[in-house]
file run32.txt (compact mmCIF, C-alpha atoms)
# COMPACT_ATOMS: atom_id res chain seq x y z
CA MET C 1 -37.07 72.61 113.81
CA ARG C 2 -38.38 72.76 117.40
CA GLY C 3 -41.89 71.68 116.44
CA ARG C 4 -40.52 68.53 114.86
CA GLY C 5 -39.75 66.80 118.16
CA SER C 6 -43.16 65.57 119.25
CA GLY C 7 -44.48 62.38 117.70
CA ARG C 8 -41.46 61.95 115.47
CA ARG C 9 -38.84 60.63 117.85
CA ALA C 10 -38.25 57.46 115.88
CA GLN C 11 -37.48 59.36 112.73
CA GLY C 12 -35.71 62.08 114.66
CA SER C 13 -32.15 61.49 113.61
CA LEU C 14 -32.94 60.83 109.96
CA ALA C 15 -35.28 63.80 109.64
CA GLU C 16 -32.81 66.05 111.43
CA GLY C 17 -30.01 64.81 109.26
CA ALA C 18 -32.08 65.58 106.22
CA GLY C 19 -33.12 68.92 107.68
CA ALA C 20 -29.55 69.88 108.46
CA GLY C 21 -28.53 68.92 104.94
CA LEU C 22 -31.34 71.01 103.48
CA ARG C 23 -30.39 73.99 105.61
CA LYS C 24 -26.82 73.81 104.31
CA ALA C 25 -28.07 73.31 100.78
CA ARG C 26 -30.35 76.29 101.20
CA VAL C 27 -27.46 78.50 102.29
CA LEU C 28 -25.33 77.23 99.43
CA ALA C 29 -28.14 77.65 96.93
CA ALA C 30 -28.76 81.20 98.14
CA VAL C 31 -25.09 82.00 97.67
CA MET C 32 -25.13 80.44 94.23
CA GLU C 33 -28.29 82.25 93.24
CA GLU C 34 -26.64 85.30 91.80
CA THR C 35 -23.89 83.62 89.84
CA GLY C 36 -24.70 79.93 89.94
CA ALA C 37 -25.89 77.37 87.47
CA GLY C 38 -29.48 76.23 87.30
CA PHE C 39 -32.08 74.58 85.13
CA ARG C 40 -33.35 76.79 82.32
CA LYS C 41 -37.12 77.24 82.09
CA GLU C 42 -37.10 75.90 78.54
CA LEU C 43 -35.36 72.70 79.55
CA VAL C 44 -37.69 72.16 82.51
CA SER C 45 -40.68 72.66 80.22
CA LYS C 46 -39.41 70.07 77.75
CA LEU C 47 -38.60 67.61 80.53
CA LEU C 48 -42.09 67.88 82.00
CA HIS C 49 -43.92 67.74 78.67
CA LEU C 50 -41.97 64.60 77.78
CA HIS C 51 -43.88 62.72 80.46
CA PHE C 52 -47.34 64.29 80.40
CA LYS C 53 -50.13 61.93 79.50
CA GLU C 54 -52.54 64.58 78.22
CA ASP C 55 -51.86 66.95 75.31
CA LYS C 56 -53.82 69.72 76.94
CA THR C 57 -51.64 69.85 80.08
CA LYS C 58 -49.78 73.17 80.40
CA VAL C 59 -47.44 74.68 82.97
CA SER C 60 -47.52 78.30 84.18
CA GLY C 61 -44.31 80.34 83.98
CA ASP C 62 -44.05 80.65 87.76
CA ALA C 63 -44.55 76.90 88.14
CA LEU C 64 -41.71 76.29 85.67
CA GLN C 65 -39.43 78.57 87.63
CA LEU C 66 -40.35 76.87 90.89
CA THR C 67 -39.85 73.40 89.41
CA ALA C 68 -36.44 74.55 88.20
CA GLU C 69 -35.65 75.53 91.79
CA LEU C 70 -36.86 72.16 93.04
CA LEU C 71 -34.67 70.32 90.56
CA LYS C 72 -31.72 72.51 91.48
CA ILE C 73 -32.11 71.73 95.16
CA PHE C 74 -32.52 68.04 94.33
CA VAL C 75 -29.15 67.99 92.59
CA ILE C 76 -27.47 70.11 95.27
CA GLU C 77 -28.84 67.80 97.99
CA ALA C 78 -27.57 64.74 96.16
CA ALA C 79 -24.17 66.39 95.81
CA ILE C 80 -23.87 67.76 99.34
CA ARG C 81 -25.04 64.55 101.05
CA SER C 82 -22.55 62.56 98.97
CA VAL C 83 -19.81 65.00 99.99
CA ARG C 84 -20.72 64.64 103.67
CA GLN C 85 -20.59 60.86 103.25
CA ALA C 86 -17.16 61.11 101.64
CA GLN C 87 -15.98 63.43 104.43
CA ALA C 88 -17.27 60.96 107.03
CA GLU C 89 -15.26 58.24 105.28
CA GLU C 90 -12.28 60.62 105.09
CA LEU C 91 -12.12 60.54 101.31
CA GLY C 92 -11.15 63.45 99.10
CA CYS C 93 -13.08 62.18 96.12
CA VAL C 94 -16.81 61.55 95.98
CA ASP C 95 -17.49 58.28 94.19
CA LEU C 96 -20.48 56.07 93.40
CA ASP C 97 -20.22 54.27 96.74
CA GLN C 98 -20.89 57.49 98.61
CA LEU C 99 -23.80 58.43 96.36
CA GLU C 100 -25.33 54.95 96.73
CA LYS C 101 -25.36 55.33 100.49
CA VAL C 102 -27.20 58.65 100.46
CA LEU C 103 -29.56 57.91 97.58
CA PRO C 104 -32.32 56.04 99.50
CA GLN C 105 -32.91 58.83 102.03
CA LEU C 106 -32.66 61.44 99.29
CA LEU C 107 -35.42 59.78 97.29
CA LEU C 108 -37.55 59.41 100.41
CA ASP C 109 -37.18 63.13 101.15
CA PHE C 110 -38.37 64.06 97.69
CA MET Q 1 -43.60 50.71 54.99
CA MET Q 2 -45.52 51.42 58.18
CA GLU Q 3 -42.87 49.65 60.18
CA GLU Q 4 -40.14 51.79 58.63
CA LYS Q 5 -42.01 54.97 59.53
CA GLU Q 6 -42.57 53.76 63.07
CA GLY Q 7 -38.90 52.85 63.31
CA ALA Q 8 -37.87 56.33 62.23
CA GLU Q 9 -40.26 57.93 64.73
CA GLU Q 10 -38.93 55.69 67.45
CA GLN Q 11 -35.41 56.74 66.53
CA GLN Q 12 -36.41 60.42 66.65
CA ARG Q 13 -38.02 60.02 70.07
CA PHE Q 14 -34.92 58.26 71.32
CA SER Q 15 -32.52 60.98 70.07
CA TYR Q 16 -34.77 63.70 71.49
CA ARG Q 17 -34.68 61.94 74.84
CA GLN Q 18 -30.90 61.62 74.62
CA ARG Q 19 -30.56 65.34 73.90
CA LEU Q 20 -32.65 66.18 76.96
CA LYS Q 21 -30.54 63.83 79.08
CA ALA Q 22 -27.41 65.55 77.79
CA ALA Q 23 -28.83 68.97 78.70
CA VAL Q 24 -29.64 67.71 82.20
CA HIS Q 25 -26.17 66.21 82.48
CA TYR Q 26 -24.62 69.57 81.61
CA THR Q 27 -26.59 71.46 84.25
CA VAL Q 28 -25.93 68.76 86.85
CA GLY Q 29 -22.23 68.97 86.03
CA CYS Q 30 -22.21 72.74 86.56
CA LEU Q 31 -24.03 72.46 89.89
CA CYS Q 32 -21.73 69.68 91.14
CA GLU Q 33 -18.72 71.71 90.11
CA GLU Q 34 -19.93 74.61 92.25
CA VAL Q 35 -20.50 72.31 95.24
CA ALA Q 36 -17.10 70.68 94.67
CA SER Q 37 -15.21 73.95 94.67
CA ASP Q 38 -17.14 75.21 97.70
CA LYS Q 39 -16.47 72.04 99.71
CA GLU Q 40 -13.02 71.50 98.25
CA VAL Q 41 -13.63 67.93 97.12
CA GLN Q 42 -13.89 66.22 93.78
CA PHE Q 43 -16.70 64.29 92.17
CA SER Q 44 -15.87 61.30 90.00
CA LYS Q 45 -17.31 61.44 86.48
CA GLN Q 46 -19.44 58.38 87.22
CA THR Q 47 -20.96 60.09 90.24
CA ILE Q 48 -21.98 63.12 88.20
CA ALA Q 49 -23.42 60.84 85.52
CA ALA Q 50 -25.35 58.90 88.16
CA ILE Q 51 -26.78 62.06 89.77
CA SER Q 52 -27.76 63.18 86.29
CA GLU Q 53 -29.52 59.89 85.58
CA VAL Q 54 -31.42 59.99 88.87
CA THR Q 55 -32.44 63.61 88.27
CA PHE Q 56 -33.74 62.78 84.81
CA ARG Q 57 -35.82 59.95 86.23
CA GLN Q 58 -37.05 62.15 89.07
CA CYS Q 59 -38.42 64.52 86.43
CA GLU Q 60 -40.72 61.78 85.25
CA ASN Q 61 -42.17 61.39 88.75
CA PHE Q 62 -42.53 65.15 89.09
CA ALA Q 63 -44.24 65.49 85.71
CA ARG Q 64 -46.74 62.71 86.39
CA ASP Q 65 -47.52 64.01 89.88
CA LEU Q 66 -47.90 67.61 88.70
CA GLU Q 67 -50.26 66.58 85.94
CA MET Q 68 -52.38 64.60 88.40
CA PHE Q 69 -52.44 67.37 91.01
CA ALA Q 70 -53.68 69.88 88.45
CA ARG Q 71 -56.22 67.42 87.10
CA HIS Q 72 -57.40 66.69 90.65
CA ALA Q 73 -58.06 70.41 91.04
CA LYS Q 74 -59.92 70.32 87.71
CA ARG Q 75 -57.30 72.44 85.95
CA SER Q 76 -55.29 71.78 82.82
CA THR Q 77 -52.59 74.32 83.71
CA ILE Q 78 -50.11 73.34 86.40
CA ASN Q 79 -49.48 76.16 88.87
CA THR Q 80 -47.15 76.84 91.80
CA GLU Q 81 -49.50 75.24 94.33
CA ASP Q 82 -49.06 71.95 92.49
CA VAL Q 83 -45.28 72.33 92.57
CA LYS Q 84 -45.37 73.04 96.31
CA LEU Q 85 -47.23 69.75 96.79
CA LEU Q 86 -44.24 67.96 95.25
CA ALA Q 87 -42.17 69.17 98.20
CA ARG Q 88 -44.53 67.78 100.84
CA ARG Q 89 -42.36 64.89 102.07
CA SER Q 90 -39.85 66.96 103.99
CA ASN Q 91 -40.70 69.92 106.21
CA SER Q 92 -37.50 71.80 105.52
CA LEU Q 93 -37.85 71.19 101.78
CA LEU Q 94 -41.43 72.47 101.80
CA LYS Q 95 -40.34 75.54 103.76
CA TYR Q 96 -37.49 76.18 101.32
CA ILE Q 97 -39.69 75.83 98.25
CA THR Q 98 -42.39 78.06 99.75
CA GLU Q 99 -39.77 80.75 100.40
CA ARG Q 100 -38.36 80.43 96.89
CA ASN Q 101 -41.89 80.73 95.51
CA GLU Q 102 -42.36 84.01 97.38
CA ASP Q 103 -38.97 85.24 96.09
CA ILE Q 104 -39.95 84.38 92.52
CA ALA Q 105 -43.35 86.06 92.84
CA GLN Q 106 -41.75 89.15 94.37
CA PHE Q 107 -39.04 89.27 91.69
CA ASN Q 108 -41.57 88.96 88.86
CA LEU Q 109 -43.76 91.63 90.47
CA GLU Q 110 -40.82 94.04 90.68
CA ARG Q 111 -39.80 93.24 87.11
CA LYS Q 112 -43.31 93.98 85.84
CA ALA Q 113 -43.40 97.22 87.82
CA LYS Q 114 -40.02 98.24 86.35
CA LYS Q 115 -41.18 97.44 82.82
CA LYS Q 116 -44.37 99.41 83.34
CA LYS Q 117 -42.46 102.38 84.74
CA LYS Q 118 -39.96 102.19 81.86
CA LEU Q 119 -42.81 102.27 79.34
CA GLU Q 120 -44.42 105.20 81.15
CA ASP Q 121 -41.11 107.08 81.23
CA GLU Q 122 -40.55 106.44 77.53
CA ASN Q 123 -44.01 107.77 76.75
CA LYS Q 124 -43.42 110.85 78.87
CA ASN Q 125 -40.06 111.55 77.20
CA SER Q 126 -41.50 111.29 73.72
CA VAL Q 127 -44.20 113.82 74.60
CA GLU Q 128 -42.06 116.28 76.61
CA PRO Q 129 -40.03 118.04 73.85
CA ALA Q 130 -43.28 119.16 72.20
CA GLU Q 131 -44.57 120.57 75.51
CA ALA Q 132 -41.24 121.99 76.67
CA GLY Q 133 -41.72 125.25 74.81
CA ALA Q 134 -45.14 125.76 76.38
CA VAL Q 135 -43.85 125.03 79.93
CA GLU Q 136 -40.94 127.46 79.63
CA SER Q 137 -43.11 130.29 78.41
CA GLU Q 138 -45.37 129.81 81.45
CA ASP Q 139 -42.39 130.39 83.76
call {"tool": "encode", "arguments": {"input": "run32.txt", "output": "structure tokens"}}
result
Amino acid sequence: MRGRGSGRRAQGSLAEGAGAGLRKARVLAAVMEETGAGFRKELVSKLLHLHFKEDKTKVSGDALQLTAELLKIFVIEAAIRSVRQAQAEELGCVDLDQLEKVLPQLLLDF
Amino acid sequence: MMEEKEGAEEQQRFSYRQRLKAAVHYTVGCLCEEVASDKEVQFSKQTIAAISEVTFRQCENFARDLEMFARHAKRSTINTEDVKLLARRSNSLLKYITERNEDIAQFNLERKAKKKKKLEDENKNSVEPAEAGAVESED
């Protein structure tokens, strides 16, 4: 985090906000690892192959597992940032309004 | 006749796509439920559906990018380096994915080692009874 300061002042708060969110998501994901939900390799494979342009394109097993992790963190990020938005607005329920507010930065971070 | 066949294929593609979306929706629902109980909040159904929709669409971006990265490296098989490139836009995301990649590699390595050892042990056990008599007589 320290190295981020120089040359990125303008983006500082956004990047840090994203970074903080990712740190929390990382902790949560680590906790959820043992017992938590996730994307099955088979599903990830089908999702990717649905959009490939070439028939010959394949995906290695490790790459499938890593993509599953990436998708998992994507969902967790979307969820956690929406929760933080709801908490900031002092709401007990996370609704579309909260998700809409966090969506732009989420898509930029991915 | 051709049009009918095309229509049926179109219908099949559509239902296949819907099934995948449903599978994504299920996983997204599970993940949101875990976040919800951890943070002690609730997600509205529409929110979960929206996250699911966005995730499904994000997969399309990922797939296209991955295919291009591999092709750029003159490969037809996507590997973990390509996946790491997907995480390039955020430093903390890249760091997280790199760590997860090392965990996965380590886990798979240990699993292979265990399997190998298990096979070796099984081979030893199947041979031992025959040799046991010989060993005992040496003592």
call {"tool": "interface_residues", "arguments": {"input": "run32.txt", "of": "chain C", "to": "chain Q", "cutoff": "8 Å", "atoms": "only C-alpha atoms", "output": "MDAnalysis selection string"}}
result
chainID C and resid 15 19 22:23 26 36:39 43 46:49 51:53 56:60 62:63 65:67 69:72 74:76 78:80 83 92:96 99 108:110
call {"tool": "atom_distance", "arguments": {"input": "run32.txt", "atom1": "CA of Ala88 (chain C)", "atom2": "CA of Val102 (chain C)"}}
result
12.1 Å
call {"tool": "atom_distance", "arguments": {"input": "run32.txt", "atom1": "CA of Glu90 (chain C)", "atom2": "CA of Leu106 (chain C)"}}
result
21.2 Å
call {"tool": "atom_distance", "arguments": {"input": "run32.txt", "atom1": "CA of Gln11 (chain Q)", "atom2": "CA of Lys41 (chain C)"}}
result
25.8 Å
call {"tool": "closest_residue", "arguments": {"input": "run32.txt", "among": "C:Leu107, C:Val44, C:Leu64, C:Gln98", "to": "Arg84 (chain C)", "atoms": "all atoms listed in the file"}}
result
C:Gln98
call {"tool": "decode", "arguments": {"input": "run32.txt", "residues": "region 28-48 of chain Q", "atoms": "N, CA, C and O atoms", "output": "mmCIF file, in the first residue's frame"}}
result
data_model
loop_
_atom_site.group_PDB
_atom_site.id
_atom_site.type_symbol
_atom_site.label_atom_id
_atom_site.label_comp_id
_atom_site.auth_asym_id
_atom_site.auth_seq_id
_atom_site.Cartn_x
_atom_site.Cartn_y
_atom_site.Cartn_z
ATOM 1 N N VAL Q 28 -23.929 -17.198 -7.020
ATOM 2 C CA VAL Q 28 -23.930 -15.812 -6.536
ATOM 3 C C VAL Q 28 -24.795 -15.699 -5.288
ATOM 4 O O VAL Q 28 -24.426 -15.045 -4.312
ATOM 5 N N GLY Q 29 -25.941 -16.371 -5.320
ATOM 6 C CA GLY Q 29 -26.833 -16.348 -4.162
ATOM 7 C C GLY Q 29 -26.155 -16.901 -2.921
ATOM 8 O O GLY Q 29 -26.252 -16.316 -1.836
ATOM 9 N N CYS Q 30 -25.447 -18.024 -3.073
ATOM 10 C CA CYS Q 30 -24.742 -18.627 -1.939
ATOM 11 C C CYS Q 30 -23.686 -17.680 -1.383
ATOM 12 O O CYS Q 30 -23.576 -17.492 -0.167
ATOM 13 N N LEU Q 31 -22.904 -17.070 -2.282
ATOM 14 C CA LEU Q 31 -21.842 -16.170 -1.845
ATOM 15 C C LEU Q 31 -22.423 -14.947 -1.135
ATOM 16 O O LEU Q 31 -21.916 -14.525 -0.095
ATOM 17 N N CYS Q 32 -23.499 -14.386 -1.682
ATOM 18 C CA CYS Q 32 -24.132 -13.207 -1.060
ATOM 19 C C CYS Q 32 -24.698 -13.556 0.308
ATOM 20 O O CYS Q 32 -24.623 -12.759 1.242
ATOM 21 N N GLU Q 33 -25.222 -14.787 0.402
ATOM 22 C CA GLU Q 33 -25.783 -15.205 1.678
ATOM 23 C C GLU Q 33 -24.700 -15.255 2.737
ATOM 24 O O GLU Q 33 -24.924 -14.856 3.889
ATOM 25 N N GLU Q 34 -23.499 -15.728 2.350
ATOM 26 C CA GLU Q 34 -22.401 -15.795 3.311
ATOM 27 C C GLU Q 34 -21.958 -14.399 3.731
ATOM 28 O O GLU Q 34 -21.680 -14.161 4.905
ATOM 29 N N VAL Q 35 -21.899 -13.472 2.770
ATOM 30 C CA VAL Q 35 -21.531 -12.088 3.096
ATOM 31 C C VAL Q 35 -22.602 -11.484 4.001
ATOM 32 O O VAL Q 35 -22.309 -10.816 4.990
ATOM 33 N N ALA Q 36 -23.865 -11.734 3.661
ATOM 34 C CA ALA Q 36 -24.987 -11.171 4.418
ATOM 35 C C ALA Q 36 -24.948 -11.605 5.868
ATOM 36 O O ALA Q 36 -25.134 -10.794 6.782
ATOM 37 N N SER Q 37 -24.707 -12.912 6.092
ATOM 38 C CA SER Q 37 -24.719 -13.376 7.473
ATOM 39 C C SER Q 37 -23.490 -12.869 8.213
ATOM 40 O O SER Q 37 -23.550 -12.572 9.400
ATOM 41 N N ASP Q 38 -22.362 -12.722 7.504
ATOM 42 C CA ASP Q 38 -21.160 -12.209 8.155
ATOM 43 C C ASP Q 38 -21.312 -10.741 8.538
ATOM 44 O O ASP Q 38 -20.866 -10.319 9.602
ATOM 45 N N LYS Q 39 -21.954 -9.954 7.672
ATOM 46 C CA LYS Q 39 -22.089 -8.519 7.921
ATOM 47 C C LYS Q 39 -23.403 -8.167 8.603
ATOM 48 O O LYS Q 39 -23.674 -6.999 8.900
ATOM 49 N N GLU Q 40 -24.222 -9.190 8.780
ATOM 50 C CA GLU Q 40 -25.526 -8.995 9.434
ATOM 51 C C GLU Q 40 -26.395 -7.970 8.718
ATOM 52 O O GLU Q 40 -26.929 -7.039 9.331
ATOM 53 N N VAL Q 41 -26.500 -8.134 7.413
ATOM 54 C CA VAL Q 41 -27.428 -7.318 6.615
ATOM 55 C C VAL Q 41 -28.207 -8.270 5.720
ATOM 56 O O VAL Q 41 -27.999 -9.470 5.753
ATOM 57 N N GLN Q 42 -29.104 -7.679 4.939
ATOM 58 C CA GLN Q 42 -29.851 -8.495 3.989
ATOM 59 C C GLN Q 42 -29.703 -7.934 2.592
ATOM 60 O O GLN Q 42 -29.630 -6.725 2.402
ATOM 61 N N PHE Q 43 -29.681 -8.859 1.610
ATOM 62 C CA PHE Q 43 -29.689 -8.421 0.219
ATOM 63 C C PHE Q 43 -31.087 -8.605 -0.337
ATOM 64 O O PHE Q 43 -31.716 -9.634 -0.126
ATOM 65 N N SER Q 44 -31.582 -7.621 -1.087
ATOM 66 C CA SER Q 44 -32.865 -7.811 -1.748
ATOM 67 C C SER Q 44 -32.661 -8.791 -2.893
ATOM 68 O O SER Q 44 -31.554 -8.929 -3.428
ATOM 69 N N LYS Q 45 -33.757 -9.492 -3.254
ATOM 70 C CA LYS Q 45 -33.662 -10.476 -4.343
ATOM 71 C C LYS Q 45 -33.178 -9.825 -5.631
ATOM 72 O O LYS Q 45 -32.413 -10.414 -6.389
ATOM 73 N N GLN Q 46 -33.656 -8.586 -5.874
ATOM 74 C CA GLN Q 46 -33.266 -7.913 -7.117
ATOM 75 C C GLN Q 46 -31.782 -7.645 -7.147
ATOM 76 O O GLN Q 46 -31.143 -7.690 -8.203
ATOM 77 N N THR Q 47 -31.210 -7.331 -5.988
ATOM 78 C CA THR Q 47 -29.779 -7.057 -5.912
ATOM 79 C C THR Q 47 -28.985 -8.299 -6.274
ATOM 80 O O THR Q 47 -28.030 -8.239 -7.045
ATOM 81 N N ILE Q 48 -29.394 -9.439 -5.710
ATOM 82 C CA ILE Q 48 -28.686 -10.688 -6.013
ATOM 83 C C ILE Q 48 -28.813 -11.008 -7.503
ATOM 84 O O ILE Q 48 -27.853 -11.422 -8.158
#
